[in-house]
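Undergrad: My questions will all concern the structure given below.
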Amino acid sequence: LAEKEAKKAKAAAKAAAQAAAAAAPAAGSEKKANKKAEAEAKKAADAAEVAKLLEDVCSIPKGNKKPVSGDMFKAYHPQMVEAAWYDWWQKCGFFKPDVSSDKPPFTIVIPPPNVTGALHIGHALTNAVQDTIVRWRRMSGYNVLWVPGTDHAGIATQSVVEKKLQKERGVTRHDLGREVFLQEVFKWVEEYGGRICTQLRRMGS
């Protein structure tokens with residue numbers, strides 16, 4: 001009788017083990033699905049928080065100082081962090097030297113980038129170095145002026161515009177004539193010169 005009961009218990013244990021093994025993948029799948037749902041809910045909550053904070057930042061009147069006493073987002077968000085500061089700096093005249101100051105002067109003229117295209121990472125590196133020097137000198141008591149700008153780059157710009165016209169319209173500067181070609185060059189300079197100045201501002205220059 002004992003042997004019979006032992007066999008019965010062994011069979012029941014085996015059946016229970018098989019049932020547990022069959023249920024394990026389902027439980028694992030359910031656990032994975034729960035984790036995924038939690039992650040998606042967290043992502044949606046973060047996106048909603050960012051959207052709210054961005055809305056608050058964008059509602060600041062241009063030139064007003066951004067309040068810094070409120071809650072900050074837990075992660076670094078460039079658009080949120082950088083918004084509104086530059087307009088306030090300009091309004092306060094932080095980029096202008098004091099012409100009546102008796103402080104020692106310090107000036108950097110930015111090596112003007114050619115208007116042959118948009119700025120790239122090399123320009124950003126150079127600007128970051130100059131920006132650091134300029135801010136350090138200002139904090140050290142100098143009357144500082146950092147002069148930004150763009151170069152005319154006549155020959156280089158002409159070459160770029162000629163290639164663009166040839167590629168897009170299949171014409172040369174000779175086909176267009178001097179006046180029309182100059183108009184095309186000035187259009188290019190206006191577009192990329194403006195873009196370069198915007199990029200310099202975005203870098204805090």
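By order in the structure tokens, chains are A, B, ...; within a chain, residues start at 1; ligands start at 1, following the order shown.
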Please produce, as a Markdown table, a per-residue contact table for range 23-70 of chain A versus range 88-104 of chain A (criterion: any atom at most 12 Å away, only C-alpha atoms considered), showing the nearest atom pair and its distance in Å to one decimal, sorted by chain then residue number.
TA:
| residue | atom | partner | partner_atom | distance |
| --- | --- | --- | --- | --- |
| A:Ile60 | CA | A:Trp88 | CA | 10.5 |
| A:Pro61 | CA | A:Trp88 | CA | 9.8 |
| A:Lys62 | CA | A:Trp88 | CA | 7.4 |
| A:Gly63 | CA | A:Trp88 | CA | 4.3 |
| A:Asn64 | CA | A:Trp88 | CA | 5.6 |
| A:Lys65 | CA | A:Trp88 | CA | 5.6 |
| A:Lys66 | CA | A:Trp88 | CA | 8.1 |
| A:Pro67 | CA | A:Trp88 | CA | 11.5 |
Undergrad: Between CA of Pro105 in chain A and CA of Val144 in chain A, what is the distance, to one decimal in Å?
TA: 5.9 Å
Undergrad: With only C-alpha atoms as the counted atoms, please give the residues lying no more than 9 Å from range 156-170 of chain A, apart from itself and same-chain residues fewer than 3 positions off, as a list in words.
TA: Asn114, Val115, Thr116, Gly117, His152, Ala153, Arg173, Phe181, Leu182, Glu184, Val185, Trp188 and Val189 of chain A
Undergrad: Those residues you just picked out, can you put them in a file as a PDB file, in the first residue's frame with N, CA, C and O atoms?
TA:
ATOM      1  N   ASN A 114      33.220  81.112 -44.016  1.00  0.00           N
ATOM      2  CA  ASN A 114      32.771  81.361 -45.379  1.00  0.00           C
ATOM      3  C   ASN A 114      31.284  81.058 -45.513  1.00  0.00           C
ATOM      4  O   ASN A 114      30.764  80.143 -44.876  1.00  0.00           O
ATOM      5  N   VAL A 115      30.622  81.804 -46.381  1.00  0.00           N
ATOM      6  CA  VAL A 115      29.189  81.558 -46.589  1.00  0.00           C
ATOM      7  C   VAL A 115      28.980  80.530 -47.701  1.00  0.00           C
ATOM      8  O   VAL A 115      28.098  80.660 -48.535  1.00  0.00           O
ATOM      9  N   THR A 116      29.820  79.517 -47.692  1.00  0.00           N
ATOM     10  CA  THR A 116      29.690  78.451 -48.698  1.00  0.00           C
ATOM     11  C   THR A 116      28.785  77.335 -48.204  1.00  0.00           C
ATOM     12  O   THR A 116      28.568  76.350 -48.905  1.00  0.00           O
ATOM     13  N   GLY A 117      28.268  77.454 -47.013  1.00  0.00           N
ATOM     14  CA  GLY A 117      27.379  76.427 -46.472  1.00  0.00           C
ATOM     15  C   GLY A 117      27.122  76.687 -44.998  1.00  0.00           C
ATOM     16  O   GLY A 117      27.494  77.727 -44.463  1.00  0.00           O
ATOM     17  N   HIS A 152      32.804  87.109 -46.817  1.00  0.00           N
ATOM     18  CA  HIS A 152      32.148  87.174 -48.133  1.00  0.00           C
ATOM     19  C   HIS A 152      32.560  85.970 -48.981  1.00  0.00           C
ATOM     20  O   HIS A 152      31.754  85.425 -49.727  1.00  0.00           O
ATOM     21  N   ALA A 153      33.829  85.532 -48.862  1.00  0.00           N
ATOM     22  CA  ALA A 153      34.330  84.356 -49.588  1.00  0.00           C
ATOM     23  C   ALA A 153      33.924  84.391 -51.048  1.00  0.00           C
ATOM     24  O   ALA A 153      33.306  83.463 -51.557  1.00  0.00           O
ATOM     25  N   ARG A 173      27.061  80.443 -65.320  1.00  0.00           N
ATOM     26  CA  ARG A 173      26.944  81.878 -65.066  1.00  0.00           C
ATOM     27  C   ARG A 173      26.944  82.661 -66.372  1.00  0.00           C
ATOM     28  O   ARG A 173      26.355  83.732 -66.473  1.00  0.00           O
ATOM     29  N   PHE A 181      23.269  86.347 -62.435  1.00  0.00           N
ATOM     30  CA  PHE A 181      24.133  85.466 -61.631  1.00  0.00           C
ATOM     31  C   PHE A 181      24.424  86.085 -60.262  1.00  0.00           C
ATOM     32  O   PHE A 181      24.397  85.399 -59.239  1.00  0.00           O
ATOM     33  N   LEU A 182      24.666  87.393 -60.231  1.00  0.00           N
ATOM     34  CA  LEU A 182      24.905  88.068 -58.953  1.00  0.00           C
ATOM     35  C   LEU A 182      23.684  87.968 -58.032  1.00  0.00           C
ATOM     36  O   LEU A 182      23.819  87.815 -56.819  1.00  0.00           O
ATOM     37  N   GLU A 184      21.650  85.480 -57.948  1.00  0.00           N
ATOM     38  CA  GLU A 184      21.683  84.116 -57.415  1.00  0.00           C
ATOM     39  C   GLU A 184      22.696  84.007 -56.270  1.00  0.00           C
ATOM     40  O   GLU A 184      22.436  83.346 -55.259  1.00  0.00           O
ATOM     41  N   VAL A 185      23.852  84.654 -56.440  1.00  0.00           N
ATOM     42  CA  VAL A 185      24.872  84.628 -55.388  1.00  0.00           C
ATOM     43  C   VAL A 185      24.364  85.316 -54.133  1.00  0.00           C
ATOM     44  O   VAL A 185      24.526  84.803 -53.017  1.00  0.00           O
ATOM     45  N   TRP A 188      21.984  83.178 -52.239  1.00  0.00           N
ATOM     46  CA  TRP A 188      22.722  82.150 -51.495  1.00  0.00           C
ATOM     47  C   TRP A 188      23.313  82.741 -50.211  1.00  0.00           C
ATOM     48  O   TRP A 188      23.196  82.171 -49.131  1.00  0.00           O
ATOM     49  N   VAL A 189      23.944  83.911 -50.336  1.00  0.00           N
ATOM     50  CA  VAL A 189      24.583  84.557 -49.182  1.00  0.00           C
ATOM     51  C   VAL A 189      23.544  84.912 -48.118  1.00  0.00           C
ATOM     52  O   VAL A 189      23.773  84.734 -46.917  1.00  0.00           O
TER      53      VAL A 189
END
Undergrad: Please identify which residues in chain A DSSP calls strand (DSSP E) from the backbone, and express them as a PyMOL selection string.
TA: chain A and resi 105-109+143-147
Undergrad: Any idea what the distance is between CA of Cys197 in chain A and CA of Pro148 in chain A?
TA: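 That distance, rounded to one decimal, is 8.1 Å.
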Undergrad: Please give the complete set of residues from range 78-198 of chain A that DSSP, run on the backbone, assigns to alpha helix (DSSP H), formatted as an MDAnalysis selection string.
TA: chainID A and resid 78:82 85:92 121:139 154:169 173:176 178:198
Undergrad: Tell me, in Å to one decimal, how far CA of Trp146 in chain A is from CA of Ile110 in chain A.
TA: 7.1 Å
Undergrad: Have a look at A:Glu179, A:Ala39, A:Met80, A:Lys74 and name the one nearest to Glu55 in chain A; count only C-alpha atoms.
TA: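 Going through A:Glu179, A:Ala39, A:Met80, A:Lys74 one by one, the smallest distance to Glu55 in chain A is for A:Met80.
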Undergrad: Here is a test: counting only C-alpha atoms, which residue of A:Gly122, A:Gly70, A:Pro112, A:Gly177 is nearest to Thr150 in chain A?
TA: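 The closest residue to Thr150 in chain A is A:Pro112.
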